[in-house]
file start_28.cif (mmCIF, C-alpha atoms)
data_my_file
loop_
_atom_site.group_PDB
_atom_site.id
_atom_site.type_symbol
_atom_site.label_atom_id
_atom_site.label_comp_id
_atom_site.auth_asym_id
_atom_site.auth_seq_id
_atom_site.Cartn_x
_atom_site.Cartn_y
_atom_site.Cartn_z
ATOM 1 C CA MET A 9 178.212 179.880 26.840
ATOM 2 C CA THR A 10 179.326 176.257 26.515
ATOM 3 C CA VAL A 11 182.992 177.256 26.765
ATOM 4 C CA LEU A 12 182.387 179.618 29.710
ATOM 5 C CA ILE A 13 180.449 177.015 31.699
ATOM 6 C CA ALA A 14 183.158 174.420 31.055
ATOM 7 C CA GLY A 15 185.923 176.843 32.036
ATOM 8 C CA GLY A 16 184.276 177.867 35.293
ATOM 9 C CA ALA A 17 183.557 174.268 36.254
ATOM 10 C CA ASN A 18 187.092 173.103 35.471
ATOM 11 C CA ALA A 19 188.745 175.922 37.434
ATOM 12 C CA ALA A 20 186.721 175.129 40.558
ATOM 13 C CA ILE A 21 187.206 171.391 40.168
ATOM 14 C CA GLY A 22 190.948 171.757 39.665
ATOM 15 C CA VAL A 23 191.412 173.473 43.043
ATOM 16 C CA LEU A 24 189.328 170.811 44.822
ATOM 17 C CA LYS A 25 191.227 167.943 43.205
ATOM 18 C CA LEU A 26 194.606 169.469 44.033
ATOM 19 C CA VAL A 27 193.673 169.880 47.703
ATOM 20 C CA ALA A 28 192.301 166.332 47.811
ATOM 21 C CA GLY A 29 195.419 164.944 46.119
ATOM 22 C CA LEU A 30 197.739 166.640 48.608
ATOM 23 C CA LEU A 31 195.657 165.534 51.593
ATOM 24 C CA THR A 32 195.204 161.921 50.512
ATOM 25 C CA GLY A 33 198.493 161.344 48.717
ATOM 26 C CA SER A 34 196.568 159.833 45.810
ATOM 27 C CA SER A 35 198.386 159.945 42.473
ATOM 28 C CA ALA A 36 195.031 159.468 40.704
ATOM 29 C CA MET A 37 193.696 162.634 42.372
ATOM 30 C CA LEU A 38 196.844 164.559 41.424
ATOM 31 C CA ALA A 39 196.457 163.273 37.860
ATOM 32 C CA GLU A 40 192.866 164.485 37.871
ATOM 33 C CA ALA A 41 194.047 167.873 39.172
ATOM 34 C CA ALA A 42 196.431 168.078 36.198
ATOM 35 C CA HIS A 43 193.528 167.004 33.991
ATOM 36 C CA SER A 44 191.456 169.955 35.248
ATOM 37 C CA VAL A 45 194.377 172.354 34.785
ATOM 38 C CA ALA A 46 194.674 171.175 31.188
ATOM 39 C CA ASP A 47 190.929 171.594 30.658
ATOM 40 C CA THR A 48 190.910 175.088 32.186
ATOM 41 C CA THR A 49 193.819 176.107 29.957
ATOM 42 C CA THR A 50 191.924 174.679 27.010
ATOM 43 C CA GLU A 51 188.857 176.806 27.747
ATOM 44 C CA GLY A 52 191.021 179.922 27.862
ATOM 45 C CA LEU A 53 192.517 179.052 24.488
ATOM 46 C CA LEU A 54 189.062 178.379 23.038
ATOM 47 C CA LEU A 55 187.804 181.759 24.247
ATOM 48 C CA ALA A 56 190.794 183.346 22.511
ATOM 49 C CA ALA A 57 189.901 181.351 19.395
ATOM 50 C CA LEU A 58 186.305 182.606 19.417
ATOM 51 C CA ARG A 59 187.360 186.233 19.879
ATOM 52 C CA ARG A 60 190.243 186.353 17.423
ATOM 53 C CA SER A 61 188.534 184.372 14.654
ATOM 54 C CA ALA A 62 185.636 186.863 14.597
ATOM 55 C CA ARG A 63 187.802 189.727 13.285
ATOM 56 C CA ARG A 64 186.862 191.157 9.911
ATOM 57 C CA PRO A 65 189.045 190.630 6.814
ATOM 58 C CA ASP A 66 191.666 193.285 6.149
ATOM 59 C CA ARG A 67 194.428 193.989 3.641
ATOM 60 C CA ARG A 68 196.903 191.579 5.248
ATOM 61 C CA HIS A 69 194.316 188.817 5.637
ATOM 62 C CA PRO A 70 191.777 189.290 2.832
ATOM 63 C CA PHE A 71 190.077 185.959 3.562
ATOM 64 C CA GLY A 72 189.572 186.830 7.227
ATOM 65 C CA TYR A 73 190.794 185.284 10.461
ATOM 66 C CA GLY A 74 188.446 182.299 10.624
ATOM 67 C CA LYS A 75 191.281 179.778 10.728
ATOM 68 C CA GLU A 76 192.503 181.256 14.012
ATOM 69 C CA ARG A 77 189.771 179.172 15.615
ATOM 70 C CA PHE A 78 191.389 176.044 14.190
ATOM 71 C CA PHE A 79 194.880 177.154 15.272
ATOM 72 C CA TRP A 80 193.985 177.870 18.901
ATOM 73 C CA ALA A 81 191.936 174.678 19.081
ATOM 74 C CA LEU A 82 195.047 172.788 17.902
ATOM 75 C CA ILE A 83 197.118 174.481 20.619
ATOM 76 C CA ALA A 84 194.403 173.459 23.107
ATOM 77 C CA ALA A 85 194.804 169.830 22.023
ATOM 78 C CA VAL A 86 198.562 170.087 22.586
ATOM 79 C CA SER A 87 197.861 171.617 26.014
ATOM 80 C CA ILE A 88 195.644 168.677 26.962
ATOM 81 C CA PHE A 89 198.446 166.266 26.113
ATOM 82 C CA VAL A 90 201.360 168.181 27.651
ATOM 83 C CA SER A 91 199.865 169.609 30.837
ATOM 84 C CA GLY A 92 197.430 166.772 31.513
ATOM 85 C CA GLY A 93 198.386 163.554 29.799
ATOM 86 C CA VAL A 94 202.153 163.626 30.326
ATOM 87 C CA PHE A 95 201.848 164.536 34.021
ATOM 88 C CA ALA A 96 199.222 161.862 34.665
ATOM 89 C CA ILE A 97 201.313 159.176 32.940
ATOM 90 C CA TYR A 98 204.392 160.244 34.912
ATOM 91 C CA GLU A 99 202.461 160.123 38.192
ATOM 92 C CA GLY A 100 201.079 156.700 37.363
ATOM 93 C CA VAL A 101 204.440 155.176 36.439
ATOM 94 C CA SER A 102 206.114 156.741 39.501
ATOM 95 C CA THR A 103 203.449 155.328 41.814
ATOM 96 C CA ILE A 104 203.579 151.840 40.292
ATOM 97 C CA LEU A 105 207.388 151.625 40.349
ATOM 98 C CA GLY A 106 208.027 153.705 43.462
ATOM 99 C CA GLU A 107 207.769 152.975 47.163
ATOM 100 C CA GLU A 108 204.391 152.142 48.660
ATOM 101 C CA ALA A 109 202.652 155.255 50.047
ATOM 102 C CA GLU A 110 199.966 155.165 52.702
ATOM 103 C CA GLN A 111 196.561 156.501 51.742
ATOM 104 C CA THR A 112 194.971 158.973 54.149
ATOM 105 C CA LEU A 113 191.600 160.736 54.354
ATOM 106 C CA ALA A 114 190.082 158.735 51.514
ATOM 107 C CA TRP A 115 186.689 160.277 52.277
ATOM 108 C CA VAL A 116 188.039 163.644 51.120
ATOM 109 C CA ALA A 117 188.824 162.141 47.729
ATOM 110 C CA TYR A 118 185.359 160.579 47.484
ATOM 111 C CA ALA A 119 183.679 163.883 48.388
ATOM 112 C CA VAL A 120 185.717 165.850 45.853
ATOM 113 C CA LEU A 121 185.105 163.254 43.147
ATOM 114 C CA GLY A 122 181.363 163.400 43.823
ATOM 115 C CA VAL A 123 181.225 167.215 43.615
ATOM 116 C CA SER A 124 183.451 167.152 40.547
ATOM 117 C CA PHE A 125 181.171 164.658 38.824
ATOM 118 C CA LEU A 126 178.175 166.956 39.376
ATOM 119 C CA LEU A 127 180.012 170.021 38.037
ATOM 120 C CA GLU A 128 181.532 168.180 35.087
ATOM 121 C CA GLY A 129 178.168 166.588 34.363
ATOM 122 C CA THR A 130 176.547 170.027 34.177
ATOM 123 C CA SER A 131 179.182 171.212 31.707
ATOM 124 C CA TRP A 132 178.883 167.977 29.709
ATOM 125 C CA LEU A 133 175.094 168.295 29.449
ATOM 126 C CA GLN A 134 175.475 171.858 28.136
ATOM 127 C CA ALA A 135 177.893 170.599 25.472
ATOM 128 C CA VAL A 136 175.530 167.748 24.548
ATOM 129 C CA ARG A 137 172.611 170.159 24.199
ATOM 130 C CA GLN A 138 174.597 172.410 21.883
ATOM 131 C CA VAL A 139 175.789 169.499 19.748
ATOM 132 C CA ARG A 140 172.188 168.290 19.449
ATOM 133 C CA ARG A 141 171.012 171.773 18.449
ATOM 134 C CA GLU A 142 173.725 172.070 15.813
ATOM 135 C CA ALA A 143 173.046 168.568 14.492
ATOM 136 C CA THR A 144 169.308 169.214 14.284
ATOM 137 C CA ALA A 145 169.870 172.532 12.498
ATOM 138 C CA GLU A 146 172.062 170.789 9.909
ATOM 139 C CA GLU A 147 169.647 167.824 9.637
ATOM 140 C CA THR A 148 172.240 165.238 10.602
ATOM 141 C CA THR A 149 172.908 162.850 13.458
ATOM 142 C CA PHE A 150 174.701 163.614 16.710
ATOM 143 C CA PHE A 151 177.876 161.617 15.956
ATOM 144 C CA ARG A 152 177.960 162.513 12.259
ATOM 145 C CA TRP A 153 177.968 166.185 13.248
ATOM 146 C CA LEU A 154 180.889 165.560 15.602
ATOM 147 C CA ARG A 155 182.863 163.897 12.798
ATOM 148 C CA ALA A 156 182.157 166.544 10.162
ATOM 149 C CA THR A 157 181.808 169.798 12.120
ATOM 150 C CA ASP A 158 183.961 172.803 11.276
ATOM 151 C CA ASP A 159 183.474 174.244 14.795
ATOM 152 C CA PRO A 160 186.323 172.851 16.916
ATOM 153 C CA THR A 161 185.314 174.750 20.069
ATOM 154 C CA VAL A 162 182.124 172.814 20.850
ATOM 155 C CA LYS A 163 183.730 169.535 19.768
ATOM 156 C CA THR A 164 186.694 170.168 22.070
ATOM 157 C CA VAL A 165 184.474 170.929 25.063
ATOM 158 C CA PHE A 166 182.360 167.829 24.434
ATOM 159 C CA PHE A 167 185.366 165.502 24.175
ATOM 160 C CA GLU A 168 187.230 166.954 27.134
ATOM 161 C CA ASP A 169 184.111 166.856 29.338
ATOM 162 C CA SER A 170 183.473 163.261 28.282
ATOM 163 C CA ALA A 171 187.074 162.417 29.128
ATOM 164 C CA ALA A 172 186.694 164.237 32.453
ATOM 165 C CA LEU A 173 183.715 162.107 33.484
ATOM 166 C CA ILE A 174 185.535 158.911 32.511
ATOM 167 C CA GLY A 175 188.618 160.147 34.363
ATOM 168 C CA LEU A 176 186.592 160.724 37.529
ATOM 169 C CA VAL A 177 185.300 157.156 37.390
ATOM 170 C CA LEU A 178 188.880 155.888 36.953
ATOM 171 C CA ALA A 179 190.095 157.999 39.877
ATOM 172 C CA PHE A 180 187.233 156.742 42.070
ATOM 173 C CA ALA A 181 188.144 153.153 41.176
ATOM 174 C CA GLY A 182 191.818 153.791 41.912
ATOM 175 C CA VAL A 183 191.175 155.359 45.305
ATOM 176 C CA GLY A 184 188.634 152.684 46.203
ATOM 177 C CA LEU A 185 190.841 149.744 45.222
ATOM 178 C CA HIS A 186 193.785 151.304 47.058
ATOM 179 C CA GLN A 187 191.645 151.540 50.178
ATOM 180 C CA LEU A 188 190.323 147.976 49.829
ATOM 181 C CA THR A 189 193.617 146.248 49.016
ATOM 182 C CA GLY A 190 196.101 148.547 50.703
ATOM 183 C CA SER A 191 198.134 148.586 47.476
ATOM 184 C CA GLY A 192 198.956 151.909 45.818
ATOM 185 C CA VAL A 193 199.478 150.130 42.504
ATOM 186 C CA TRP A 194 195.770 150.542 41.758
ATOM 187 C CA ASP A 195 196.092 154.273 42.319
ATOM 188 C CA GLY A 196 199.007 154.346 39.900
ATOM 189 C CA ILE A 197 197.141 152.306 37.292
ATOM 190 C CA ALA A 198 194.201 154.731 37.502
ATOM 191 C CA SER A 199 196.570 157.672 37.008
ATOM 192 C CA LEU A 200 198.215 155.946 34.042
ATOM 193 C CA LEU A 201 194.843 155.238 32.413
ATOM 194 C CA ILE A 202 193.797 158.873 32.912
ATOM 195 C CA GLY A 203 196.978 159.980 31.143
ATOM 196 C CA LEU A 204 196.384 157.614 28.236
ATOM 197 C CA LEU A 205 192.780 158.826 28.022
ATOM 198 C CA LEU A 206 193.953 162.438 27.753
ATOM 199 C CA ALA A 207 196.546 161.506 25.154
ATOM 200 C CA GLY A 208 193.818 159.836 23.080
ATOM 201 C CA VAL A 209 191.531 162.870 23.281
ATOM 202 C CA ALA A 210 194.425 165.181 22.370
ATOM 203 C CA TYR A 211 195.200 163.015 19.318
ATOM 204 C CA ILE A 212 191.585 163.059 18.091
ATOM 205 C CA LEU A 213 191.261 166.823 18.476
ATOM 206 C CA GLY A 214 194.712 167.488 17.040
ATOM 207 C CA ARG A 215 193.966 165.406 13.947
ATOM 208 C CA THR A 216 190.658 167.232 13.387
ATOM 209 C CA ASN A 217 192.210 170.691 13.638
ATOM 210 C CA LYS A 218 195.204 169.714 11.514
ATOM 211 C CA GLY A 219 192.826 168.861 8.673
ATOM 212 C CA LEU A 220 190.983 172.164 9.039
ATOM 213 C CA LEU A 221 194.212 174.180 9.133
ATOM 214 C CA ILE A 222 195.618 172.464 6.050
ATOM 215 C CA GLY A 223 192.434 173.303 4.156
ATOM 216 C CA ARG A 224 189.609 170.799 4.347
ATOM 217 C CA GLN A 225 186.838 170.556 1.767
ATOM 218 C CA ALA A 226 183.434 171.874 2.807
ATOM 219 C CA ASP A 227 180.756 169.450 3.952
ATOM 220 C CA LEU A 228 179.967 167.023 1.110
ATOM 221 C CA ARG A 229 176.251 167.821 1.285
ATOM 222 C CA LEU A 230 177.020 171.503 0.695
ATOM 223 C CA VAL A 231 179.357 170.661 -2.200
ATOM 224 C CA THR A 232 176.705 168.423 -3.765
ATOM 225 C CA ALA A 233 174.014 171.088 -3.386
ATOM 226 C CA ILE A 234 176.246 173.744 -4.978
ATOM 227 C CA ARG A 235 177.073 171.459 -7.909
ATOM 228 C CA ARG A 236 173.377 170.763 -8.410
ATOM 229 C CA ALA A 237 172.569 174.487 -8.334
ATOM 230 C CA LEU A 238 175.226 175.200 -10.953
ATOM 231 C CA ASP A 239 174.069 172.328 -13.163
ATOM 232 C CA GLU A 240 170.561 173.780 -13.122
ATOM 233 C CA ARG A 241 171.711 177.115 -14.572
ATOM 234 C CA ALA A 242 170.679 177.489 -18.231
ATOM 235 C CA GLU A 243 173.904 179.358 -19.050
ATOM 236 C CA VAL A 244 176.110 176.503 -17.803
ATOM 237 C CA ASP A 245 176.737 173.514 -20.064
ATOM 238 C CA ALA A 246 178.901 171.658 -17.525
ATOM 239 C CA VAL A 247 180.598 172.053 -14.164
ATOM 240 C CA VAL A 248 184.206 171.250 -15.053
ATOM 241 C CA ASP A 249 185.692 171.553 -11.556
ATOM 242 C CA LEU A 250 184.442 172.514 -8.102
ATOM 243 C CA LEU A 251 186.857 173.404 -5.299
ATOM 244 C CA THR A 252 185.873 174.316 -1.759
ATOM 245 C CA MET A 253 187.826 175.029 1.410
ATOM 246 C CA GLN A 254 186.860 175.862 4.985
ATOM 247 C CA LEU A 255 188.044 179.399 5.727
ATOM 248 C CA GLY A 256 186.611 179.189 9.232
ATOM 249 C CA THR A 257 183.536 178.002 11.070
ATOM 250 C CA ASP A 258 180.514 178.463 8.760
ATOM 251 C CA SER A 259 182.781 180.155 6.221
ATOM 252 C CA VAL A 260 183.579 178.492 2.882
ATOM 253 C CA LEU A 261 185.691 179.477 -0.119
ATOM 254 C CA LEU A 262 184.267 178.306 -3.469
ATOM 255 C CA CYS A 263 186.132 178.104 -6.777
ATOM 256 C CA ALA A 264 184.066 176.818 -9.714
ATOM 257 C CA ARG A 265 185.294 176.241 -13.253
ATOM 258 C CA LEU A 266 182.331 176.324 -15.609
ATOM 259 C CA ASP A 267 181.824 175.552 -19.285
ATOM 260 C CA PHE A 268 179.336 178.182 -20.428
ATOM 261 C CA ASP A 269 177.023 177.939 -23.430
ATOM 262 C CA ASP A 270 179.089 178.748 -26.521
ATOM 263 C CA ALA A 271 176.273 180.950 -27.834
ATOM 264 C CA LEU A 272 176.899 183.469 -25.038
ATOM 265 C CA GLY A 273 179.038 186.517 -25.728
ATOM 266 C CA ALA A 274 181.652 187.941 -23.366
ATOM 267 C CA ALA A 275 179.157 190.390 -21.850
ATOM 268 C CA ASP A 276 176.615 187.590 -21.375
ATOM 269 C CA VAL A 277 179.176 185.449 -19.536
ATOM 270 C CA GLU A 278 180.110 188.370 -17.271
ATOM 271 C CA ARG A 279 176.454 189.026 -16.448
ATOM 272 C CA ALA A 280 175.872 185.296 -15.846
ATOM 273 C CA CYS A 281 178.794 185.184 -13.386
ATOM 274 C CA VAL A 282 177.328 188.085 -11.417
ATOM 275 C CA GLU A 283 173.896 186.455 -11.308
ATOM 276 C CA ILE A 284 175.306 183.044 -10.323
ATOM 277 C CA ASP A 285 177.345 184.647 -7.536
ATOM 278 C CA ALA A 286 174.281 186.434 -6.140
ATOM 279 C CA ASP A 287 172.124 183.292 -6.400
ATOM 280 C CA LEU A 288 174.676 181.085 -4.628
ATOM 281 C CA ARG A 289 175.171 183.590 -1.804
ATOM 282 C CA GLU A 290 171.402 183.786 -1.279
ATOM 283 C CA ARG A 291 170.968 180.003 -1.226
ATOM 284 C CA PHE A 292 174.083 179.055 0.771
ATOM 285 C CA ALA A 293 174.847 181.314 3.716
ATOM 286 C CA ASP A 294 178.202 179.634 4.434
ATOM 287 C CA LEU A 295 179.755 180.870 1.177
ATOM 288 C CA ALA A 296 182.125 183.702 2.110
ATOM 289 C CA GLU A 297 184.090 183.997 -1.142
ATOM 290 C CA ILE A 298 183.082 182.820 -4.634
ATOM 291 C CA PHE A 299 185.334 182.624 -7.695
ATOM 292 C CA LEU A 300 183.899 181.577 -11.071
ATOM 293 C CA GLU A 301 186.183 180.738 -13.993
ATOM 294 C CA PRO A 302 184.888 180.099 -17.545
ATOM 295 C CA VAL A 303 186.773 177.140 -19.092
ATOM 296 C CA PRO A 304 186.074 174.694 -21.956
ATOM 297 C CA ARG A 305 185.356 171.202 -20.663
ATOM 298 C CA THR A 306 187.174 169.691 -23.642
ATOM 299 C CA ASP A 307 190.499 171.297 -22.744
ATOM 300 C CA PRO A 308 192.906 168.336 -22.239
ATOM 301 C CA VAL A 309 195.129 170.112 -19.699
ATOM 302 C CA MET A 310 192.203 171.071 -17.490
ATOM 303 C CA ARG A 311 190.672 167.611 -17.789
ATOM 304 C CA GLU A 312 193.953 165.944 -16.807
ATOM 305 C CA ARG A 313 194.323 168.259 -13.827
ATOM 306 C CA VAL A 314 190.841 167.398 -12.551
ATOM 307 C CA LEU A 315 191.300 163.655 -13.069
ATOM 308 C CA ASP A 316 194.694 163.784 -11.378
ATOM 309 C CA ARG A 317 193.119 165.370 -8.282
ATOM 310 C CA TYR A 318 190.063 163.104 -7.943
ATOM 311 C CA GLY A 319 191.284 159.968 -9.651
ATOM 312 C CA ARG A 320 188.022 159.503 -11.549
ATOM 313 C CA THR A 321 185.460 161.372 -13.598
ATOM 314 C CA LEU A 322 182.969 163.116 -11.329
ATOM 315 C CA ALA A 323 179.370 162.484 -12.274
ATOM 316 C CA PRO A 324 176.771 165.207 -11.618
ATOM 317 C CA GLY A 325 175.510 165.131 -8.050
ATOM 318 C CA THR A 326 178.683 163.541 -6.594
#
call {"tool": "encode", "arguments": {"input": "start_28.cif", "output": "C-alpha cells"}}
result
Amino acid sequence: MTVLIAGGANAAIGVLKLVAGLLTGSSAMLAEAAHSVADTTTEGLLLAALRRSARRPDRRHPFGYGKERFFWALIAAVSIFVSGGVFAIYEGVSTILGEEAEQTLAWVAYAVLGVSFLLEGTSWLQAVRQVRREATAEETTFFRWLRATDDPTVKTVFFEDSAALIGLVLAFAGVGLHQLTGSGVWDGIASLLIGLLLAGVAYILGRTNKGLLIGRQADLRLVTAIRRALDERAEVDAVVDLLTMQLGTDSVLLCARLDFDDALGAADVERACVEIDADLRERFADLAEIFLEPVPRTDPVMRERVLDRYGRTLAPGT
C-alpha cells in the first residue's frame, strides 16, 4: 500500500511539474519534474521487487528469491541518481552558466508546488506510519529501524518522499527568489541543490542494498537471542561459531557450529539437532534455513578460523 500510494502520487505530480516547468521556464520546476519521474520509476521497480521476491524456492534457487527485493531496490537507487539527480544537476549548471531567461506565470509554479506538497505529504505520512508500525513491532526506535531494516522497499519510499518534500521547498525558494530578484541564478542553484539531494539519497539507498546483496548478518538482537537459546540447551557444551545471513526480508539463514556433550552418542546428537531445529523455528519466525554442525571447541583449526573472522573471542551473549 505504501508503494502504491507513493507511485500514484508521484505520477500525478510529475505531469503537473512538467507542465509548470514548460510554462514558467523554471529549471527548478523541470528538475522537480525529473525528480518525480525518478520516483515514479522507483515505485515501479519496488513493486517488481515485492512480486518477484515472494516466489517460492525451487531447484535452481533453493534458498528462494528473497534477495530480488534487494536487487531491484538497488536498481531503484541507481534510477534516482541517473534519471533525477544527473538531470537536475545539468539543468542547474546550465541555468547558472547560460543566458538569463525570463520567468513567466510564476503563479502556476506556486500552485503546482502547493498541490505537490499536499500529495507528497500524504505519501510521506503513509511511509512514516508504516515505519512506526514496523519499529514498534520490533521494539526499537524509528531511526534505529531505518538503519537496521532488511526491508528496502519501505525505507526507499520514506527517503524518496522526504527528499521530495525538501526538493519542493528548494524549488519554491528558487522560483520565489527568481521572481524577487529577477535573476535566474537562484532558479539554477535550487535545481543544483535538488540534484545533489537526489544523489545523496541514491548513495544512502545504494549502500544499504549493496550490504544486503553481499550478505549482511541478521539483526544483532536476533543473533544474540539465538546464541542464548543454544547456550541454554543441555546437550550443548558451547556455541563454537554462529553465522547468519539475510536471505530476504524477514528471512534468515543460520549456520551454527556446536560442541555437544561428549557423553552423547551419534544417535543422541542427531536427535538433538532435530529438536534444536524445531525449537529455533518455533521461537524465531525469521529463520528460513538452519544448519547445525557438531564440532569440538578445542579444534585449533576451527578456533583459528573463528578468531580470524571476528578478531576476538566471542563471549556468550555477544
call {"tool": "closest_residue", "arguments": {"input": "start_28.cif", "among": "A:Ala19, A:Leu228, A:Ser199, A:Leu24", "to": "A:Ala119", "atoms": "all atoms listed in the file"}}
result
A:Leu24
call {"tool": "resolve_selection", "arguments": {"input": "start_28.cif", "expression": "the PyMOL selection byres ((chain A and resi 105) around 12)", "output": "JSON, numbers by chain"}}
result
{"A": [98, 99, 100, 101, 102, 103, 104, 106, 107, 108, 109, 192, 193, 194, 195, 196, 197, 200]}
call {"tool": "residues_around", "arguments": {"input": "start_28.cif", "residues": "A:Asp287", "least_positions_apart": "4", "cutoff": "12 Å", "atoms": "all atoms listed in the file", "output": "ChimeraX atom specification"}}
result
/A:234,237-238,240-241,280-283,291-293,295,298
call {"tool": "atom_distance", "arguments": {"input": "start_28.cif", "atom1": "atom CA of A:Glu128", "atom2": "atom CA of A:Ser170"}}
result
8.6 Å
call {"tool": "resolve_selection", "arguments": {"input": "start_28.cif", "expression": "the PyMOL selection byres ((chain A and resi 212-226) around 7)", "output": "list of chain:residue names"}}
result
A:Lys75, A:Phe78, A:Phe79, A:Ala81, A:Leu82, A:Ala85, A:Thr164, A:Gly208, A:Val209, A:Ala210, A:Tyr211, A:Asp227, A:Leu228, A:Leu230, A:Val231, A:Thr252, A:Met253, A:Gln254, A:Val260
call {"tool": "closest_residue", "arguments": {"input": "start_28.cif", "among": "A:Met37, A:Ala286, A:Ile83, A:Cys263", "to": "A:Val177", "atoms": "all atoms listed in the file"}}
result
A:Met37
call {"tool": "residues_near_point", "arguments": {"input": "start_28.cif", "point": "(173.2, 171.9, -22.2)", "cutoff": "12 Å", "atoms": "all atoms listed in the file", "output": "PyMOL selection string"}}
result
chain A and resi 238-247+267-271
call {"tool": "closest_residue", "arguments": {"input": "start_28.cif", "among": "A:Tyr318, A:Phe151, A:Tyr73, A:Phe95", "to": "A:Ser259", "atoms": "all atoms listed in the file"}}
result
A:Tyr73
call {"tool": "residues_around", "arguments": {"input": "start_28.cif", "residues": "stretch 139-141 of chain A", "least_positions_apart": "5", "cutoff": "12 Å", "atoms": "all atoms listed in the file", "output": "ChimeraX atom specification"}}
result
/A:10,132-134,146-157,159-167
call {"tool": "atom_distance", "arguments": {"input": "start_28.cif", "atom1": "atom CA of A:Ser35", "atom2": "atom CA of A:Leu126"}}
result
21.6 Å
call {"tool": "residues_around", "arguments": {"input": "start_28.cif", "residues": "A:Leu121", "least_positions_apart": "3", "cutoff": "7 Å", "atoms": "all atoms listed in the file", "output": "list in words"}}
result
Ala117, Tyr118, Ser124, Phe125, Leu176 and Phe180 of chain A
call {"tool": "decode", "arguments": {"input": "start_28.cif", "residues": "stretch 232-243 of chain A", "atoms": "N, CA and C atoms", "output": "JSON list (two decimals), in the first residue's frame"}}
result
[["chain", "number", "residue", "atom", "x", "y", "z"],
["A", 232, "THR", "N", 21.94, -12.50, 19.02],
["A", 232, "THR", "CA", 22.16, -12.67, 20.46],
["A", 232, "THR", "C", 21.13, -13.61, 21.07],
["A", 233, "ALA", "N", 19.88, -13.46, 20.67],
["A", 233, "ALA", "CA", 18.81, -14.32, 21.20],
["A", 233, "ALA", "C", 19.01, -15.77, 20.79],
["A", 234, "ILE", "N", 19.45, -15.99, 19.55],
["A", 234, "ILE", "CA", 19.70, -17.37, 19.09],
["A", 234, "ILE", "C", 20.85, -17.98, 19.86],
["A", 235, "ARG", "N", 21.93, -17.22, 20.05],
["A", 235, "ARG", "CA", 23.08, -17.73, 20.81],
["A", 235, "ARG", "C", 22.66, -18.09, 22.23],
["A", 236, "ARG", "N", 21.83, -17.24, 22.84],
["A", 236, "ARG", "CA", 21.37, -17.52, 24.19],
["A", 236, "ARG", "C", 20.53, -18.80, 24.23],
["A", 237, "ALA", "N", 19.67, -18.97, 23.23],
["A", 237, "ALA", "CA", 18.82, -20.17, 23.18],
["A", 237, "ALA", "C", 19.66, -21.42, 23.02],
["A", 238, "LEU", "N", 20.72, -21.35, 22.23],
["A", 238, "LEU", "CA", 21.59, -22.51, 22.05],
["A", 238, "LEU", "C", 22.40, -22.80, 23.31],
["A", 239, "ASP", "N", 22.85, -21.75, 23.97],
["A", 239, "ASP", "CA", 23.61, -21.93, 25.22],
["A", 239, "ASP", "C", 22.77, -22.60, 26.30],
["A", 240, "GLU", "N", 21.46, -22.37, 26.25],
["A", 240, "GLU", "CA", 20.58, -22.92, 27.28],
["A", 240, "GLU", "C", 20.29, -24.40, 27.08],
["A", 241, "ARG", "N", 20.61, -24.94, 25.89],
["A", 241, "ARG", "CA", 20.33, -26.35, 25.63],
["A", 241, "ARG", "C", 21.27, -27.23, 26.47],
["A", 242, "ALA", "N", 20.71, -28.23, 27.13],
["A", 242, "ALA", "CA", 21.51, -29.12, 27.98],
["A", 242, "ALA", "C", 22.50, -29.95, 27.17],
["A", 243, "GLU", "N", 22.15, -30.24, 25.90],
["A", 243, "GLU", "CA", 23.02, -31.08, 25.08],
["A", 243, "GLU", "C", 24.24, -30.33, 24.56]]
